[in-house]
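With mmCIF, C-alpha atoms and all ligand atoms inside, this is upload.cif:
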data_structure
#
loop_
_atom_site.label_atom_id
_atom_site.label_comp_id
_atom_site.auth_asym_id
_atom_site.auth_seq_id
_atom_site.Cartn_x
_atom_site.Cartn_y
_atom_site.Cartn_z
CA MET F 1 -22.14 -12.41 -28.34
CA ILE F 2 -22.24 -9.58 -25.83
CA ALA F 3 -25.29 -7.76 -27.22
CA ASP F 4 -27.14 -7.46 -30.51
CA ALA F 5 -27.08 -4.30 -32.63
CA GLY F 6 -30.59 -3.25 -31.61
CA GLN F 7 -29.74 -3.40 -27.93
CA VAL F 8 -26.54 -1.46 -28.48
CA GLN F 9 -28.40 1.29 -30.31
CA ALA F 10 -30.97 1.47 -27.52
CA TRP F 11 -28.30 1.79 -24.84
CA ARG F 12 -26.39 4.46 -26.71
CA GLN F 13 -29.63 6.37 -27.11
CA LEU F 14 -30.10 6.02 -23.37
CA ARG F 15 -27.20 8.39 -22.79
CA VAL F 16 -29.06 11.00 -24.78
CA GLU F 17 -32.53 10.30 -23.44
CA ALA F 18 -31.86 9.47 -19.81
CA ALA F 19 -31.83 13.11 -18.82
CA ALA F 20 -35.40 13.47 -20.00
CA ALA F 21 -36.71 10.19 -18.55
CA SER F 22 -38.81 10.05 -15.40
CA GLU F 23 -36.92 9.08 -12.23
CA SER F 24 -38.27 5.56 -11.99
CA HIS F 25 -37.76 4.92 -15.70
CA ARG F 26 -34.25 6.24 -15.44
CA ALA F 27 -33.47 3.93 -12.52
CA THR F 28 -34.76 0.94 -14.50
CA LEU F 29 -32.76 1.89 -17.58
CA LEU F 30 -29.57 2.26 -15.54
CA ALA F 31 -30.16 -0.99 -13.65
CA ASP F 32 -30.66 -2.86 -16.95
CA GLN F 33 -27.53 -1.26 -18.33
CA SER F 34 -25.53 -2.34 -15.28
CA GLN F 35 -26.62 -5.94 -15.60
CA ALA F 36 -25.68 -5.93 -19.30
CA ILE F 37 -22.25 -4.63 -18.37
CA ARG F 38 -21.82 -7.28 -15.68
CA ARG F 39 -22.73 -9.96 -18.22
CA ALA F 40 -20.18 -8.49 -20.67
CA VAL F 41 -17.50 -8.43 -17.96
CA LEU F 42 -18.20 -12.07 -17.12
CA THR F 43 -17.74 -13.00 -20.79
CA MET F 44 -14.55 -10.93 -21.04
CA ILE F 45 -12.97 -12.45 -17.93
CA ASP F 46 -13.99 -15.94 -18.98
CA GLY F 47 -12.43 -15.38 -22.41
CA ALA F 48 -9.20 -13.88 -21.03
CA ARG F 49 -9.07 -16.30 -18.09
CA ALA F 50 -7.96 -13.26 -16.07
CA GLY F 51 -9.39 -10.11 -14.51
CA HIS F 52 -10.75 -8.67 -11.27
CA ILE F 53 -14.35 -9.77 -11.16
CA GLY F 54 -15.12 -8.77 -7.56
CA GLY F 55 -14.11 -5.12 -7.93
CA ASP F 56 -15.60 -4.96 -11.44
CA PHE F 57 -19.02 -5.92 -10.13
CA SER F 58 -18.86 -3.58 -7.14
CA VAL F 59 -18.07 -0.53 -9.28
CA THR F 60 -20.47 -1.21 -12.18
CA ASP F 61 -23.45 0.77 -10.86
CA ILE F 62 -21.19 3.75 -10.15
CA LEU F 63 -19.85 3.62 -13.71
CA THR F 64 -23.24 3.32 -15.39
CA THR F 65 -24.63 6.19 -13.33
CA LEU F 66 -21.72 8.41 -14.30
CA PHE F 67 -21.45 7.48 -17.98
CA PHE F 68 -25.16 7.17 -18.75
CA GLY F 69 -26.54 9.80 -16.40
CA VAL F 70 -24.01 12.40 -15.39
CA LEU F 71 -20.90 12.98 -17.49
CA ARG F 72 -21.01 15.63 -20.18
CA ILE F 73 -19.00 13.73 -22.76
CA ASP F 74 -19.23 12.89 -26.43
CA PRO F 75 -18.02 9.39 -27.32
CA ALA F 76 -17.60 10.59 -30.93
CA GLN F 77 -15.09 13.19 -29.70
CA PRO F 78 -13.30 11.61 -26.74
CA ALA F 79 -10.77 14.43 -26.56
CA ALA F 80 -13.16 17.36 -27.07
CA PRO F 81 -11.44 20.35 -25.46
CA VAL F 82 -14.34 21.00 -23.10
CA ARG F 83 -15.65 17.83 -21.46
CA ASP F 84 -16.14 16.32 -18.04
CA ARG F 85 -13.28 14.03 -17.05
CA PHE F 86 -13.47 10.55 -15.59
CA ILE F 87 -10.61 8.56 -14.09
CA LEU F 88 -10.93 4.99 -12.83
CA SER F 89 -8.15 5.08 -10.28
CA LYS F 90 -8.74 1.45 -9.29
CA GLY F 91 -7.42 0.52 -12.72
CA HIS F 92 -7.37 -3.22 -12.06
CA CYS F 93 -11.13 -3.04 -12.75
CA SER F 94 -10.49 -2.18 -16.38
CA ALA F 95 -12.98 -4.75 -17.70
CA SER F 96 -15.96 -2.86 -16.27
CA LEU F 97 -14.59 0.43 -17.60
CA TYR F 98 -14.01 -1.01 -21.09
CA ALA F 99 -17.51 -2.50 -21.19
CA THR F 100 -18.99 0.83 -20.08
CA LEU F 101 -17.03 2.75 -22.71
CA ALA F 102 -18.04 0.30 -25.44
CA PHE F 103 -21.73 0.44 -24.49
CA CYS F 104 -21.46 4.24 -24.54
CA GLY F 105 -20.11 4.12 -28.10
CA TYR F 106 -16.39 4.88 -27.68
CA PHE F 107 -15.51 1.69 -29.57
CA SER F 108 -17.21 -1.45 -30.78
CA LEU F 109 -18.61 -4.08 -28.49
CA ASP F 110 -16.81 -6.71 -30.56
CA GLU F 111 -13.51 -5.31 -29.35
CA LEU F 112 -14.40 -6.36 -25.81
CA GLY F 113 -13.73 -9.91 -26.98
CA THR F 114 -10.01 -9.03 -27.24
CA PHE F 115 -9.71 -8.20 -23.51
CA MET F 116 -6.14 -8.96 -22.42
CA ALA F 117 -5.31 -10.83 -25.64
CA PRO F 118 -1.84 -10.29 -27.16
CA HIS F 119 -1.71 -6.95 -29.09
CA SER F 120 -5.14 -5.89 -27.83
CA SER F 121 -5.69 -2.27 -26.77
CA LEU F 122 -7.69 -3.57 -23.85
CA ASN F 123 -4.87 -4.32 -21.42
CA GLY F 124 -5.34 -5.51 -17.87
CA HIS F 125 -4.99 -1.87 -16.82
CA PRO F 126 -6.32 1.09 -18.86
CA ASN F 127 -3.94 2.91 -21.20
CA ARG F 128 -4.86 6.39 -22.41
CA THR F 129 -2.86 6.08 -25.62
CA LYS F 130 -4.74 2.94 -26.65
CA VAL F 131 -8.33 3.33 -25.47
CA PRO F 132 -10.57 6.28 -26.36
CA GLY F 133 -12.29 7.64 -23.27
CA VAL F 134 -9.45 6.71 -20.91
CA GLU F 135 -8.10 9.99 -19.50
CA THR F 136 -4.99 8.64 -17.80
CA ASN F 137 -3.22 5.34 -17.24
CA THR F 138 -4.07 3.66 -13.95
CA GLY F 139 -3.14 0.45 -12.18
CA PRO F 140 -0.57 1.42 -9.59
CA LEU F 141 -2.92 2.36 -6.77
CA GLY F 142 -2.84 5.93 -5.47
CA HIS F 143 -2.17 7.74 -8.75
CA GLY F 144 -5.61 8.50 -10.20
CA LEU F 145 -6.75 10.94 -7.53
CA PRO F 146 -3.57 13.05 -7.68
CA VAL F 147 -3.97 13.25 -11.48
CA ALA F 148 -7.64 14.18 -11.06
CA VAL F 149 -6.64 17.04 -8.77
CA GLY F 150 -4.29 18.28 -11.48
CA GLU F 151 -7.08 18.01 -14.07
CA ALA F 152 -9.48 19.93 -11.83
CA ILE F 153 -6.92 22.70 -11.39
CA GLY F 154 -6.14 22.65 -15.12
CA THR F 155 -9.72 22.93 -16.36
CA ARG F 156 -10.32 25.73 -13.87
CA LEU F 157 -7.23 27.61 -15.09
CA LEU F 158 -8.60 27.27 -18.63
CA GLY F 159 -11.89 28.74 -17.45
CA GLN F 160 -13.79 25.61 -18.46
CA ASP F 161 -17.03 24.51 -16.88
CA SER F 162 -15.88 20.90 -16.49
CA ARG F 163 -16.25 18.50 -13.62
CA VAL F 164 -13.67 15.85 -12.79
CA TYR F 165 -14.84 12.53 -11.34
CA VAL F 166 -12.43 9.92 -10.01
CA VAL F 167 -13.27 6.51 -8.57
CA CYS F 168 -10.91 5.04 -5.97
CA GLY F 169 -11.06 1.69 -4.22
CA ASP F 170 -11.30 1.74 -0.44
CA GLY F 171 -8.19 -0.43 -0.21
CA GLU F 172 -6.61 2.12 -2.50
CA MET F 173 -7.35 4.86 0.05
CA GLN F 174 -4.70 3.23 2.23
CA GLU F 175 -2.14 4.84 -0.12
CA GLY F 176 -0.78 8.08 1.36
CA SER F 177 -0.65 9.86 -2.01
CA ASN F 178 -4.45 10.11 -1.96
CA TRP F 179 -4.45 12.06 1.27
CA GLU F 180 -1.82 14.47 -0.04
CA ALA F 181 -4.00 14.94 -3.10
CA LEU F 182 -7.08 15.65 -0.98
CA MET F 183 -5.15 18.22 1.05
CA ALA F 184 -4.27 20.00 -2.19
CA ALA F 185 -7.85 19.71 -3.47
CA ALA F 186 -9.15 21.40 -0.32
CA HIS F 187 -6.39 23.99 -0.39
CA TYR F 188 -7.36 24.98 -3.95
CA GLN F 189 -11.09 24.78 -3.08
CA LEU F 190 -11.72 22.39 -5.95
CA ASP F 191 -15.49 22.14 -5.91
CA ASN F 192 -15.29 20.90 -9.51
CA LEU F 193 -13.77 17.62 -8.22
CA THR F 194 -15.75 14.59 -7.04
CA VAL F 195 -13.90 11.63 -5.59
CA VAL F 196 -16.00 8.49 -5.35
CA ILE F 197 -14.82 5.79 -2.96
CA ASP F 198 -16.00 2.29 -3.80
CA ARG F 199 -16.44 1.22 -0.17
CA ASN F 200 -16.75 -2.55 -0.58
CA ARG F 201 -14.62 -3.13 2.53
CA LEU F 202 -12.41 -5.70 0.82
CA GLN F 203 -8.82 -5.38 -0.33
CA GLN F 204 -6.78 -7.88 -2.36
CA GLY F 205 -6.21 -10.47 0.37
CA ALA F 206 -8.29 -9.35 3.34
CA ARG F 207 -10.83 -6.85 4.66
CA THR F 208 -9.69 -3.22 4.61
CA GLU F 209 -10.41 -2.90 8.34
CA GLU F 210 -8.09 -5.87 9.05
CA THR F 211 -5.17 -4.57 6.98
CA ASN F 212 -5.18 -0.81 7.71
CA ALA F 213 -8.52 0.43 9.05
CA LEU F 214 -10.14 3.36 7.24
CA ASP F 215 -13.02 4.03 9.61
CA PRO F 216 -14.16 6.58 10.55
CA LEU F 217 -13.70 7.32 6.86
CA ALA F 218 -16.27 10.14 6.59
CA ASP F 219 -14.73 11.97 9.55
CA LYS F 220 -11.28 11.69 7.98
CA LEU F 221 -12.51 13.04 4.65
CA VAL F 222 -14.24 15.95 6.39
CA ALA F 223 -11.04 16.66 8.33
CA PHE F 224 -9.18 16.79 5.01
CA GLY F 225 -11.59 19.46 3.77
CA CYS F 226 -14.11 17.47 1.73
CA GLU F 227 -17.88 17.68 1.66
CA VAL F 228 -18.93 14.08 2.27
CA ARG F 229 -21.96 12.30 0.84
CA GLU F 230 -22.67 8.68 1.81
CA VAL F 231 -24.88 6.54 -0.39
CA ASP F 232 -25.79 2.99 -1.30
CA GLY F 233 -23.42 2.46 -4.24
CA HIS F 234 -25.92 0.20 -6.00
CA ASP F 235 -28.80 2.70 -5.86
CA HIS F 236 -28.66 4.59 -9.15
CA LEU F 237 -30.95 7.42 -8.08
CA ALA F 238 -29.03 8.00 -4.84
CA LEU F 239 -25.80 8.00 -6.83
CA LEU F 240 -27.25 10.43 -9.37
CA GLU F 241 -28.18 12.84 -6.62
CA ALA F 242 -24.79 12.53 -4.91
CA PHE F 243 -22.98 13.14 -8.20
CA THR F 244 -25.03 16.08 -9.43
CA THR F 245 -25.92 18.15 -6.35
CA PRO F 246 -23.57 21.12 -6.54
CA GLY F 247 -21.04 21.69 -3.80
CA ALA F 248 -19.71 24.95 -2.51
CA GLY F 249 -16.01 25.69 -2.36
CA ARG F 250 -14.90 22.22 -1.33
CA PRO F 251 -14.09 18.97 -3.12
CA ILE F 252 -16.91 16.42 -2.87
CA ALA F 253 -16.24 12.92 -1.56
CA VAL F 254 -18.91 10.32 -2.21
CA ILE F 255 -18.59 7.22 -0.05
CA ALA F 256 -20.45 4.65 -2.11
CA HIS F 257 -21.22 1.60 0.03
CA THR F 258 -21.00 -1.40 -2.26
CA ILE F 259 -20.74 -5.17 -2.24
CA LYS F 260 -17.69 -6.65 -3.89
CA GLY F 261 -18.91 -9.13 -6.51
CA LYS F 262 -22.41 -7.57 -6.50
CA GLY F 263 -24.92 -9.57 -8.52
CA VAL F 264 -23.50 -13.07 -8.21
CA SER F 265 -24.30 -14.85 -4.93
CA PHE F 266 -21.18 -17.00 -4.68
CA ILE F 267 -18.86 -14.07 -5.49
CA GLU F 268 -20.45 -11.40 -3.28
CA ASP F 269 -18.31 -10.23 -0.34
CA ARG F 270 -15.79 -13.08 -0.75
CA VAL F 271 -12.17 -12.00 -0.62
CA GLU F 272 -10.91 -14.82 -2.83
CA TRP F 273 -12.83 -13.38 -5.78
CA HIS F 274 -10.58 -10.33 -5.99
CA HIS F 275 -8.97 -11.88 -9.05
CA LYS F 276 -10.12 -15.46 -9.12
CA VAL F 277 -11.41 -16.69 -12.49
CA PRO F 278 -14.65 -18.68 -12.56
CA THR F 279 -14.76 -22.24 -13.88
CA ALA F 280 -17.07 -23.09 -16.79
CA GLU F 281 -19.77 -24.25 -14.35
CA GLN F 282 -19.41 -21.07 -12.30
CA VAL F 283 -19.63 -18.92 -15.46
CA ALA F 284 -22.90 -20.64 -16.36
CA LEU F 285 -24.25 -20.13 -12.84
CA ALA F 286 -23.17 -16.47 -12.75
CA ALA F 287 -24.72 -15.84 -16.18
CA LYS F 288 -28.02 -17.23 -14.91
CA GLU F 289 -27.99 -14.94 -11.88
CA LEU F 290 -27.17 -11.93 -14.06
CA ALA F 291 -29.86 -12.69 -16.65
C1 LIG F 301 0.72 0.61 -5.51
C2 LIG F 301 0.04 -0.71 -5.66
N1 LIG F 301 0.17 -1.64 -4.68
C3 LIG F 301 -0.43 -2.84 -4.80
C4 LIG F 301 -1.16 -3.14 -5.93
C5 LIG F 301 -1.80 -4.51 -6.08
N2 LIG F 301 -3.24 -4.44 -5.91
C6 LIG F 301 -4.07 -4.42 -6.98
S1 LIG F 301 -5.65 -4.29 -6.56
C7 LIG F 301 -5.29 -4.28 -4.91
C8 LIG F 301 -6.38 -4.16 -3.86
C9 LIG F 301 -7.15 -2.91 -4.05
O1 LIG F 301 -8.27 -2.90 -3.20
P1 LIG F 301 -9.41 -1.87 -3.50
O2 LIG F 301 -8.82 -0.57 -3.83
O3 LIG F 301 -10.33 -1.90 -2.35
O4 LIG F 301 -10.06 -2.43 -4.82
P2 LIG F 301 -11.37 -3.33 -4.99
O5 LIG F 301 -11.58 -4.09 -3.72
O6 LIG F 301 -12.50 -2.40 -5.23
O7 LIG F 301 -11.09 -4.20 -6.16
C10 LIG F 301 -3.92 -4.36 -4.71
C11 LIG F 301 -3.26 -4.36 -3.38
C12 LIG F 301 -1.26 -2.15 -6.93
N3 LIG F 301 -1.98 -2.34 -8.05
N4 LIG F 301 -0.67 -0.95 -6.77
#
Let me see the structure of the file written as structure tokens.
Amino acid sequence: MIADAGQVQAWRQLRVEAAAASESHRATLLADQSQAIRRAVLTMIDGARAGHIGGDFSVTDILTTLFFGVLRIDPAQPAAPVRDRFILSKGHCSASLYATLAFCGYFSLDELGTFMAPHSSLNGHPNRTKVPGVETNTGPLGHGLPVAVGEAIGTRLLGQDSRVYVVCGDGEMQEGSNWEALMAAAHYQLDNLTVVIDRNRLQQGARTEETNALDPLADKLVAFGCEVREVDGHDHLALLEAFTTPGAGRPIAVIAHTIKGKGVSFIEDRVEWHHKVPTAEQVALAAKELA
């Protein structure tokens, strides 16, 4: 079982109450939520015998901060005409997104048990026609940010006070389409767009700096017209500040420094855990560390 009904109710209430909580209480609530999501992801990947555990665990704190602390969304009305938008461009980390959406109340936690099963809505990569809360299909790297730019232009044209948040992997930033999208975002002065880069420094088979170096990443983003904020991507309060401090006339790029596999010692910062599946013994060990 991923969580009991009482816990689920408490977490859903958190979305409503977090805004009013004191800073330290808020940080604790979000940290607890993140660990619950990591435990759910572990169970999902163990059940499916597939998934991307390293990138799931690096992005979890970013997701919980956004969904439980920042986004103006209503899980009961996923397609409400006026809402903030979220796109997980690194769509291979669907398990962490699904768990976050379920804990928020978009669908039942039981459904998480169908992750990647035949006929499940919860495919290996998110599908907007199947999963409430998913704004656009992702999986092929380099597509989410261009779509987010279109959404930011679209909501502005409609005169809506909506923010668009998109999370990209750092390996994903090696795709040229992202840089074209950023040029357009700066050209249109999209200060309603925040691109978050999950800077865990690992790609699929090697370190990003070995395959196609991104550094100096902040300088490049500034040169492309972004306002850059650099934070510890596992510090919920730092993330909250980076996500909510208003910008002025420029798209915001948050470089979130993270650890791939965060939370489980033998997975952290190890390239082979991009999509390796833990054995039964490793699942037990990981569960203990995430308790
Ligand atoms: C266009 C494209 N090329 C290759 C892949 C295969 N692929 C999936 S994940 C991945 C590595 C992505 O690294 P990163 O964006 O840093 O993700 P993270 O380390 O956070 O999991 C690759 C190459 C893909 N999904 N799409």
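Computed from the coordinates, the atom CA of F:Asp170 to atom CA of F:Asp219 distance equals 14.7 Å.
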Inset, instruction - Taking all atoms listed in the file into account, report as a ChimeraX atom specification which residues have an atom no farther than 9 Å from an atom of ligand LIG 301 (chain F). - result: /F:52-59,89-93,138-143,168-175,197-205,207-208,260,271,274-275
Inset, instruction - Identify the residues around (-11.7, 19.0, -24.1) within a radius of 12 Å, measuring from all atoms listed in the file in the coordinates stated by the file, and give them as a PyMOL selection string. - result: chain F and resi 72-75+77-85+133+135+151+154-155+158-164
Inset, instruction - Have a look at atom CA of F:Glu180 and atom CA of F:Pro216 and let me know their distance in Å, one decimal. - result: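 Separation between atom CA of F:Glu180 and atom CA of F:Pro216: 18.1 Å.
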Legend entry - Gap from atom CA of F:Thr65 to atom CA of F:Val231 - Å, one decimal: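 Between atom CA of F:Thr65 and atom CA of F:Val231 the gap is 12.9 Å.
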Inset, instruction - Rank nothing, just name the residue among F:Ser177, F:Ser120, F:Asn192, F:Thr129 nearest to F:Ala152, using all atoms listed in the file. - result: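 For F:Ala152, the nearest of the given residues is F:Asn192.
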